[in-house]
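Text of the file input.tsv, holding TSV, C-alpha atoms:
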```tsv
chain	number	residue	atom	x	y	z
C	31	MET	CA	-4.00	60.95	83.31
C	32	LYS	CA	-3.07	64.13	85.10
C	33	LEU	CA	-3.95	64.81	88.71
C	34	ALA	CA	-6.33	67.62	87.72
C	35	HIS	CA	-8.14	65.25	85.37
C	36	ALA	CA	-8.48	62.69	88.17
C	37	LEU	CA	-9.91	65.40	90.42
C	38	ILE	CA	-12.48	66.36	87.81
C	39	ALA	CA	-13.39	62.72	87.12
C	40	LYS	CA	-13.85	62.05	90.84
C	41	SER	CA	-15.99	65.17	91.24
C	42	MET	CA	-18.17	64.12	88.31
C	43	ALA	CA	-18.58	60.62	89.74
C	44	GLU	CA	-19.60	62.06	93.10
C	45	LEU	CA	-21.97	64.50	91.48
C	46	ILE	CA	-23.64	61.63	89.64
C	47	LEU	CA	-23.77	59.59	92.87
C	48	VAL	CA	-25.42	62.39	94.84
C	49	ALA	CA	-27.87	63.14	92.03
C	50	ALA	CA	-28.77	59.44	91.65
C	51	LEU	CA	-29.25	59.08	95.40
C	52	ALA	CA	-31.42	62.19	95.56
C	53	VAL	CA	-33.60	61.13	92.62
C	54	SER	CA	-33.99	57.53	93.80
C	55	PHE	CA	-34.83	58.77	97.30
C	56	TYR	CA	-37.45	61.12	95.88
C	57	LEU	CA	-38.98	58.41	93.71
C	58	ALA	CA	-39.15	56.01	96.68
C	59	ALA	CA	-40.50	58.57	99.14
C	60	PHE	CA	-42.88	60.38	96.77
C	61	PRO	CA	-43.65	57.95	93.93
C	62	PRO	CA	-45.13	59.72	90.89
C	63	SER	CA	-47.21	56.58	90.33
C	64	ILE	CA	-49.66	57.61	93.08
C	65	HIS	CA	-52.72	59.32	91.67
C	66	GLY	CA	-56.07	60.31	93.05
C	67	TRP	CA	-58.82	62.83	93.35
C	68	GLY	CA	-61.20	64.19	95.93
C	69	GLU	CA	-64.28	66.36	96.19
C	70	ALA	CA	-66.51	67.92	98.82
C	71	ARG	CA	-69.78	66.13	99.54
C	72	PRO	CA	-72.64	67.52	101.71
C	73	HIS	CA	-71.17	65.92	104.86
C	74	GLY	CA	-67.58	65.11	104.07
C	75	ILE	CA	-64.91	64.42	101.48
C	76	ALA	CA	-64.85	61.52	99.01
C	77	GLY	CA	-62.54	60.44	96.22
C	78	TRP	CA	-60.14	57.74	95.09
C	79	ALA	CA	-56.44	56.96	95.31
C	80	VAL	CA	-54.34	54.40	93.43
C	81	ASN	CA	-50.68	53.50	93.02
C	82	HIS	CA	-50.03	52.39	89.43
C	83	HIS	CA	-46.92	50.47	90.46
C	84	LYS	CA	-48.99	48.43	92.92
C	85	PRO	CA	-52.42	48.42	91.25
C	86	TRP	CA	-53.88	45.78	93.58
C	87	ALA	CA	-52.76	47.47	96.78
C	88	ARG	CA	-55.19	49.64	98.78
C	89	LEU	CA	-53.76	52.95	99.89
C	90	GLN	CA	-54.22	54.49	103.28
C	91	VAL	CA	-55.36	58.11	102.97
C	92	GLN	CA	-55.39	60.89	105.52
C	93	LEU	CA	-57.54	64.00	105.54
C	94	PHE	CA	-56.32	67.39	106.68
C	95	ILE	CA	-58.72	70.34	106.91
C	96	ASP	CA	-57.21	73.82	107.11
C	97	GLY	CA	-53.85	72.19	107.75
C	98	LYS	CA	-55.00	70.06	110.69
C	99	PHE	CA	-55.26	66.28	110.70
C	100	GLU	CA	-58.89	65.13	110.74
C	101	ALA	CA	-59.15	61.46	109.88
C	102	SER	CA	-57.53	58.43	108.28
C	103	THR	CA	-59.11	55.65	106.23
C	104	MET	CA	-58.33	53.00	103.62
C	105	ALA	CA	-59.16	53.63	99.97
C	106	TYR	CA	-61.00	50.34	99.32
C	107	ARG	CA	-64.54	51.41	98.43
C	108	SER	CA	-66.12	50.68	95.08
C	109	ARG	CA	-65.50	53.29	92.37
C	110	PRO	CA	-66.38	51.70	88.99
C	111	ASP	CA	-66.01	55.11	87.32
C	112	VAL	CA	-62.28	55.08	88.15
C	113	VAL	CA	-61.78	51.77	86.30
C	114	ALA	CA	-63.89	53.02	83.40
C	115	ALA	CA	-61.70	56.11	83.10
C	116	GLY	CA	-58.61	53.86	82.99
C	117	TRP	CA	-57.09	55.06	86.25
C	118	SER	CA	-57.07	51.65	87.93
C	119	LYS	CA	-57.32	47.93	87.21
C	120	ASP	CA	-60.07	47.24	89.71
C	121	GLU	CA	-62.82	49.34	91.23
C	122	TRP	CA	-61.79	49.09	94.91
C	123	HIS	CA	-59.87	52.34	95.31
C	124	GLY	CA	-62.50	54.76	96.61
C	125	TYR	CA	-62.51	56.50	99.96
C	126	GLU	CA	-65.01	58.51	101.98
C	127	PHE	CA	-64.49	60.66	105.02
C	128	GLU	CA	-67.83	61.01	106.77
C	129	ALA	CA	-69.11	61.72	110.26
C	130	LEU	CA	-66.46	64.35	110.66
C	131	ALA	CA	-66.72	67.24	113.08
C	132	THR	CA	-68.39	69.96	111.03
C	133	PRO	CA	-66.09	72.93	110.51
C	134	ALA	CA	-67.34	76.40	111.41
C	135	PRO	CA	-69.44	78.09	108.74
C	136	GLY	CA	-67.27	79.69	106.07
C	137	ARG	CA	-64.61	78.70	103.56
C	138	HIS	CA	-62.24	75.80	104.20
C	139	GLU	CA	-59.54	73.85	102.46
C	140	ALA	CA	-59.20	70.06	102.61
C	141	ARG	CA	-56.19	68.06	101.48
C	142	VAL	CA	-56.06	64.31	101.11
C	143	TYR	CA	-52.71	62.55	101.41
C	144	ALA	CA	-51.77	58.99	100.56
C	145	LEU	CA	-49.52	57.30	103.10
C	146	ASN	CA	-46.50	55.80	101.34
C	147	SER	CA	-44.13	53.37	103.00
C	148	SER	CA	-40.57	52.89	101.73
C	149	ARG	CA	-37.28	51.32	102.87
C	150	HIS	CA	-39.16	48.31	104.24
C	151	GLY	CA	-41.32	50.51	106.45
C	152	ALA	CA	-38.45	52.51	107.91
C	153	GLN	CA	-39.80	55.60	106.16
C	154	GLN	CA	-43.37	56.77	105.77
C	155	THR	CA	-44.31	59.83	103.78
C	156	LEU	CA	-47.51	61.65	102.99
C	157	GLN	CA	-48.15	62.55	99.37
C	158	MET	CA	-51.04	64.77	98.38
C	159	VAL	CA	-53.45	63.13	95.95
C	160	GLY	CA	-55.27	65.43	93.55
C	161	ASP	CA	-55.65	69.13	94.21
C	162	PRO	CA	-56.61	70.93	97.41
C	163	ILE	CA	-60.39	70.72	97.88
C	164	TRP	CA	-62.05	74.06	98.63
C	165	PHE	CA	-65.50	74.11	100.11
C	166	ASP	CA	-67.94	76.37	101.96
C	167	VAL	CA	-69.85	75.29	105.05
C	168	ASP	CA	-73.25	76.92	105.47
C	169	ASP	CA	-75.14	77.68	108.68
C	170	GLN	CA	-76.81	74.24	108.60
C	171	GLY	CA	-73.42	72.53	108.49
C	172	ILE	CA	-73.76	71.43	104.86
C	173	TRP	CA	-70.54	71.33	102.83
C	174	HIS	CA	-70.64	72.93	99.35
C	175	PRO	CA	-67.90	72.66	96.74
C	176	LEU	CA	-66.72	75.98	95.38
C	177	PRO	CA	-68.23	77.02	92.03
C	178	ASP	CA	-65.93	76.28	89.07
C	179	HIS	CA	-65.07	79.92	88.37
C	180	GLU	CA	-63.93	80.45	91.98
C	181	LEU	CA	-61.94	77.22	91.89
C	182	LEU	CA	-60.14	78.33	88.75
C	183	THR	CA	-59.33	81.65	90.37
C	184	ARG	CA	-57.92	79.86	93.46
C	185	ARG	CA	-55.81	77.47	91.40
C	186	GLY	CA	-54.47	80.41	89.41
C	187	GLN	CA	-53.20	82.06	92.59
L	195	MET	CA	13.68	62.17	110.24
L	196	THR	CA	11.10	64.21	108.33
L	197	SER	CA	9.77	62.74	105.13
L	198	ARG	CA	10.17	64.13	101.68
L	199	VAL	CA	7.23	66.31	100.71
L	200	PRO	CA	7.20	66.90	96.96
L	201	ASP	CA	8.41	70.37	95.99
L	202	THR	CA	5.89	72.86	94.78
L	203	ASN	CA	7.03	75.87	92.90
L	204	THR	CA	3.92	77.23	91.35
L	205	LYS	CA	0.76	78.78	92.67
L	206	SER	CA	-1.24	76.41	90.51
L	207	ASP	CA	0.34	73.39	92.18
L	208	GLN	CA	-0.44	74.86	95.58
L	209	ALA	CA	-4.02	75.39	94.48
L	210	LEU	CA	-4.17	71.83	93.14
L	211	ALA	CA	-3.03	70.51	96.53
L	212	GLY	CA	-5.83	72.56	98.14
L	213	TRP	CA	-8.37	71.06	95.73
L	214	GLU	CA	-7.10	67.58	96.54
L	215	ILE	CA	-7.82	68.20	100.22
L	216	ALA	CA	-11.26	69.61	99.41
L	217	SER	CA	-12.07	66.62	97.23
L	218	VAL	CA	-11.26	64.06	99.93
L	219	VAL	CA	-13.12	66.06	102.57
L	220	ILE	CA	-16.17	66.24	100.29
L	221	SER	CA	-16.09	62.44	99.92
L	222	CYS	CA	-16.12	62.14	103.73
L	223	LEU	CA	-19.02	64.58	104.01
L	224	ILE	CA	-20.97	62.73	101.30
L	225	ALA	CA	-20.46	59.47	103.20
L	226	GLU	CA	-21.44	61.00	106.54
L	227	TRP	CA	-24.35	63.17	105.46
L	228	VAL	CA	-25.71	62.43	101.99
L	229	VAL	CA	-25.53	58.62	101.93
L	230	LEU	CA	-27.19	58.25	105.31
L	231	ALA	CA	-29.91	60.76	104.41
L	232	PHE	CA	-30.77	59.19	101.07
L	233	ALA	CA	-29.73	55.54	101.31
L	234	GLY	CA	-29.97	54.73	105.02
L	235	ASN	CA	-27.41	52.29	106.37
L	236	SER	CA	-26.61	50.79	102.96
L	237	LYS	CA	-22.96	49.75	103.18
L	238	GLY	CA	-22.82	49.20	99.42
L	239	VAL	CA	-23.66	52.83	98.70
L	240	LEU	CA	-21.40	54.01	101.52
L	241	ALA	CA	-18.53	52.17	99.89
L	242	ILE	CA	-18.75	54.31	96.74
L	243	PRO	CA	-17.48	57.67	98.12
L	244	VAL	CA	-15.01	55.85	100.36
L	245	THR	CA	-13.61	53.91	97.39
L	246	LEU	CA	-13.50	57.03	95.23
L	247	ALA	CA	-11.56	58.91	97.90
L	248	LEU	CA	-9.15	56.02	98.47
L	249	ALA	CA	-8.59	55.51	94.75
L	250	PHE	CA	-7.94	59.21	94.31
L	251	MET	CA	-5.47	59.32	97.21
L	252	VAL	CA	-3.54	56.34	95.82
L	253	PHE	CA	-3.52	57.94	92.35
L	254	SER	CA	-2.30	61.22	93.80
L	255	HIS	CA	0.54	59.50	95.71
L	256	ARG	CA	1.64	57.81	92.51
L	257	ALA	CA	1.35	61.00	90.44
L	258	ARG	CA	3.48	62.87	92.98
L	259	GLY	CA	5.97	60.03	93.35
L	260	GLU	CA	5.33	59.40	97.04
L	261	SER	CA	6.30	56.02	98.47
L	262	LEU	CA	4.70	54.19	101.44
L	263	ARG	CA	7.77	55.18	103.44
L	264	ASP	CA	7.29	58.85	102.53
L	265	ILE	CA	3.67	58.66	103.64
L	266	GLY	CA	4.59	57.24	107.04
L	267	PHE	CA	4.12	53.48	106.76
L	268	ARG	CA	7.55	52.76	108.22
L	269	LEU	CA	9.16	51.44	111.36
L	270	ASP	CA	12.56	53.17	111.46
L	271	ASN	CA	11.15	56.24	113.22
L	272	PHE	CA	8.47	54.45	115.25
L	273	VAL	CA	10.30	54.78	118.56
L	274	ALA	CA	11.12	58.44	117.95
L	275	ALA	CA	7.51	59.24	117.06
L	276	THR	CA	6.21	57.24	120.04
L	277	ARG	CA	8.53	59.20	122.33
L	278	LEU	CA	7.12	62.45	120.99
L	279	LEU	CA	3.57	61.23	121.44
L	280	LEU	CA	3.89	59.48	124.79
L	281	LEU	CA	3.70	62.46	127.13
L	282	PRO	CA	0.88	64.34	125.35
L	283	THR	CA	-1.13	61.10	124.96
L	284	VAL	CA	-0.75	60.18	128.63
L	285	LEU	CA	-1.52	63.74	129.71
L	286	THR	CA	-4.59	64.01	127.47
L	287	GLY	CA	-5.81	60.60	128.64
L	288	ALA	CA	-5.33	61.56	132.29
L	289	LEU	CA	-7.14	64.86	131.75
L	290	MET	CA	-10.01	63.03	130.08
L	291	LEU	CA	-10.33	60.59	132.96
L	292	LEU	CA	-10.13	63.43	135.47
L	293	PHE	CA	-12.85	65.32	133.59
L	294	VAL	CA	-15.13	62.27	133.53
L	295	TRP	CA	-14.43	61.54	137.20
L	296	LEU	CA	-15.33	65.14	138.12
L	297	LEU	CA	-18.41	64.93	135.92
L	298	ARG	CA	-19.74	61.62	137.18
L	299	GLY	CA	-18.32	61.55	140.71
L	300	PRO	CA	-18.96	58.30	142.54
L	301	GLU	CA	-20.89	56.91	139.54
L	302	PHE	CA	-17.69	56.85	137.49
L	303	ARG	CA	-16.80	53.43	136.14
L	304	LEU	CA	-15.42	52.16	132.86
L	305	ALA	CA	-17.94	50.75	130.39
L	306	PRO	CA	-17.75	47.01	129.68
L	307	PHE	CA	-15.37	46.07	126.89
L	308	ARG	CA	-17.05	45.27	123.59
L	309	LEU	CA	-15.60	43.31	120.65
L	310	ARG	CA	-16.18	46.30	118.39
L	311	LEU	CA	-13.47	48.16	120.28
L	312	LEU	CA	-10.87	45.76	118.86
L	313	THR	CA	-11.29	47.46	115.49
L	314	PHE	CA	-10.23	50.83	116.92
L	315	PRO	CA	-6.50	50.47	116.11
L	316	LEU	CA	-7.21	49.65	112.45
L	317	TRP	CA	-9.79	52.42	112.19
L	318	ALA	CA	-7.31	54.81	113.83
L	319	LEU	CA	-4.61	53.82	111.34
L	320	PHE	CA	-6.96	54.42	108.43
L	321	GLN	CA	-7.96	57.83	109.79
L	322	GLN	CA	-4.37	58.84	110.44
L	323	TYR	CA	-3.38	57.73	106.95
L	324	ALA	CA	-6.09	59.91	105.39
L	325	LEU	CA	-5.49	62.81	107.76
L	326	GLN	CA	-1.71	62.88	107.91
L	327	GLY	CA	-0.52	60.68	105.04
L	328	PHE	CA	-2.68	62.57	102.60
L	329	ILE	CA	-4.26	65.76	103.95
L	330	ASN	CA	-1.29	66.90	106.03
L	331	ARG	CA	1.09	66.30	103.13
L	332	ARG	CA	-1.14	68.24	100.73
L	333	ALA	CA	-1.61	71.00	103.32
L	334	GLN	CA	2.17	71.32	103.51
L	335	LEU	CA	2.25	71.68	99.74
L	336	ALA	CA	-0.44	74.34	99.78
L	337	LEU	CA	0.49	76.27	102.93
L	338	GLY	CA	4.00	75.16	103.80
L	339	ARG	CA	5.21	73.36	106.92
L	340	GLY	CA	4.25	74.78	110.29
L	341	LEU	CA	1.35	76.36	112.08
L	342	LYS	CA	-0.80	77.18	109.05
L	343	SER	CA	-0.87	73.65	107.69
L	344	ILE	CA	-1.20	72.15	111.19
L	345	LEU	CA	-4.24	74.34	111.85
L	346	ALA	CA	-5.73	73.50	108.45
L	347	VAL	CA	-5.39	69.75	109.08
L	348	SER	CA	-6.89	69.94	112.56
L	349	LEU	CA	-9.79	72.07	111.30
L	350	VAL	CA	-10.50	69.50	108.59
L	351	PHE	CA	-10.36	66.71	111.18
L	352	SER	CA	-12.76	68.62	113.39
L	353	LEU	CA	-15.09	69.41	110.47
L	354	VAL	CA	-15.63	65.76	109.59
L	355	HIS	CA	-16.58	65.04	113.23
L	356	LEU	CA	-19.41	67.58	113.25
L	357	PRO	CA	-22.09	67.90	114.53
L	358	ASN	CA	-20.86	65.95	117.58
L	359	PRO	CA	-19.64	68.93	119.65
L	360	LEU	CA	-17.47	66.94	122.03
L	361	LEU	CA	-15.76	64.96	119.27
L	362	ALA	CA	-15.34	68.08	117.12
L	363	GLY	CA	-13.59	69.84	120.01
L	364	LEU	CA	-11.43	66.88	120.96
L	365	THR	CA	-10.42	66.15	117.36
L	366	LEU	CA	-9.43	69.78	116.91
L	367	ILE	CA	-6.97	69.43	119.78
L	368	GLY	CA	-5.90	65.90	118.83
L	369	GLY	CA	-5.57	66.96	115.21
L	370	MET	CA	-3.13	69.72	116.14
L	371	LEU	CA	-1.03	67.38	118.27
L	372	TRP	CA	-0.88	64.57	115.71
L	373	SER	CA	-0.29	66.92	112.76
L	374	ALA	CA	2.60	68.63	114.55
L	375	VAL	CA	4.18	65.27	115.41
L	376	TYR	CA	3.67	64.00	111.85
L	377	GLN	CA	5.43	67.02	110.39
L	378	ARG	CA	8.43	66.32	112.65
L	379	THR	CA	8.41	62.52	112.59
L	380	PRO	CA	6.05	60.98	110.07
L	381	ASN	CA	5.08	57.57	111.44
L	382	LEU	CA	1.49	56.50	111.00
L	383	PHE	CA	1.72	53.45	113.29
L	384	ALA	CA	2.74	55.56	116.29
L	385	LEU	CA	0.00	58.08	115.52
L	386	ALA	CA	-2.56	55.29	115.21
L	387	LEU	CA	-1.45	53.89	118.57
L	388	SER	CA	-1.96	57.27	120.25
L	389	HIS	CA	-5.27	57.80	118.42
L	390	ALA	CA	-6.60	54.33	119.29
L	391	THR	CA	-5.56	54.67	122.96
L	392	LEU	CA	-7.37	57.98	123.38
L	393	SER	CA	-10.43	56.79	121.43
L	394	LEU	CA	-10.66	53.68	123.62
L	395	LEU	CA	-10.40	55.75	126.76
L	396	LEU	CA	-13.14	58.04	125.43
L	397	ALA	CA	-15.44	55.17	124.48
L	398	LEU	CA	-14.94	53.36	127.78
L	399	SER	CA	-15.13	56.30	130.15
L	400	LEU	CA	-17.50	58.92	128.79
L	401	PRO	CA	-21.25	58.49	129.25
L	402	THR	CA	-23.23	57.80	126.07
L	403	ASN	CA	-25.29	60.97	126.37
L	404	LEU	CA	-22.09	63.02	126.02
L	405	LEU	CA	-20.45	60.92	123.35
L	406	TYR	CA	-23.44	59.66	121.32
L	407	ASN	CA	-21.49	56.43	120.64
L	408	LEU	CA	-18.84	58.42	118.73
L	409	ARG	CA	-21.46	59.19	116.07
L	410	VAL	CA	-20.79	61.90	113.50
L	411	GLY	CA	-22.62	63.31	110.48
L	412	LEU	CA	-26.33	62.68	110.09
L	413	LYS	CA	-26.05	59.53	112.25
L	414	TYR	CA	-25.48	61.80	115.24
L	415	PHE	CA	-29.17	62.70	115.17
L	416	GLY	CA	-30.39	59.13	114.70
```
Let me see the structure of the file written as structure tokens.
Amino acid sequence: MKLAHALIAKSMAELILVAALAVSFYLAAFPPSIHGWGEARPHGIAGWAVNHHKPWARLQVQLFIDGKFEASTMAYRSRPDVVAAGWSKDEWHGYEFEALATPAPGRHEARVYALNSSRHGAQQTLQMVGDPIWFDVDDQGIWHPLPDHELLTRRGQ
Amino acid sequence: MTSRVPDTNTKSDQALAGWEIASVVISCLIAEWVVLAFAGNSKGVLAIPVTLALAFMVFSHRARGESLRDIGFRLDNFVAATRLLLLPTVLTGALMLLFVWLLRGPEFRLAPFRLRLLTFPLWALFQQYALQGFINRRAQLALGRGLKSILAVSLVFSLVHLPNPLLAGLTLIGGMLWSAVYQRTPNLFALALSHATLSLLLALSLPTNLLYNLRVGLKYFG
């Protein structure tokens, strides 16, 4: 084998190593097996979150409103509809964020993130579950989900 | 006294020597930056780029017909190389101690000796082999003997010690000294002795906040 061939072979091996490391890191830090959903309720946000690779584990979820951390809770409430739809193996994957400080009247965006731990706890990452949740707060402090046509317009942006 | 550096007649061979240097440097950077970022302190993963670089260097020596003696693993010129290195090593060491003494004043004292420091000579020999026995020889093929190749080697040595500013600066100076001596009298054992002596002095005398435990690459930030 010529020297140039050895150089190319070594470069290819290193390329594969770096790519494999990057992909495995991504899969460990942001596992695609985490799924979930959330929606605006009159006084908060509710939804579900599940990790298909660990179907019996309860996920910790964190709520951010307009980019600011609001609250953290465990997704262990009953959601039989999630089992019925085939998203989980048991019903205990629901979460609810209630008794939150009411945002000022107007339009807001909530995001729910699942806390994922990897490398034996040395790394913790937040992974958004579902889509951003848009809602309006009226003068009485009631939260209203955006109408479907406005949601579609937002998601298209 | 100088060793035989394989002749290079063509531009393509000079370019190939340049690519060989780049390839080994990239392996170092992968080990220092990518492995730590993606795989943490996994020694198994760290061993992959190190093994690839070592295997390539051995293959390259064989392909170019270089013997261990050519590379600098020899004793016949050990005394001559040590003589060349003695004064600059002692001077650099004294300057380092003076700098630390000025910096720390009455608080100056040597750090307690740790067992880990016993590995310094072996680690220094390995570094000098890679730096001089391989990179310096390929730099001479690509750029010829003299200032250009000496500068290239010391820049490479400094690059792999980033982002530790103190180490990057010191290795730039040390790299120039050791590369110049290697080109005159290629003996890796004498170079390793000088390297280990200065590294030990650094580790024992400089405060941790300046030296960051000799950390380089992504580990520097950790």
Residues of chain L no more than 8 Å from chain C, counting all atoms listed in the file: send them over as an MDAnalysis selection string. chainID L and resid 210 213:214 217 221 224 228:229 232:233 243 246 250 253:254 257
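CA of Leu392 (chain L) lies 20.3 Å from CA of Gly266 (chain L).
Summary of the local environment: counting only C-alpha atoms, residues at most 8 Å from Trp173 (chain C), other than itself and those fewer than 6 positions away along its chain, are Ala70, Arg71, Pro72, His73, Gly74, Phe165, Asp166 and Val167 of chain C.
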Mind pulling up the distance from CA of Ala225 (chain L) to CA of Gly411 (chain L)? 8.5 Å
Find the spatial neighbours of Lys84 (chain C), counting only C-alpha atoms, within a cut-off of 12 Å - ignore same-chain residues fewer than 3 positions away - and output them as a ChimeraX atom specification. /C:61,63-65,79-81,87-89,118-120,123,146
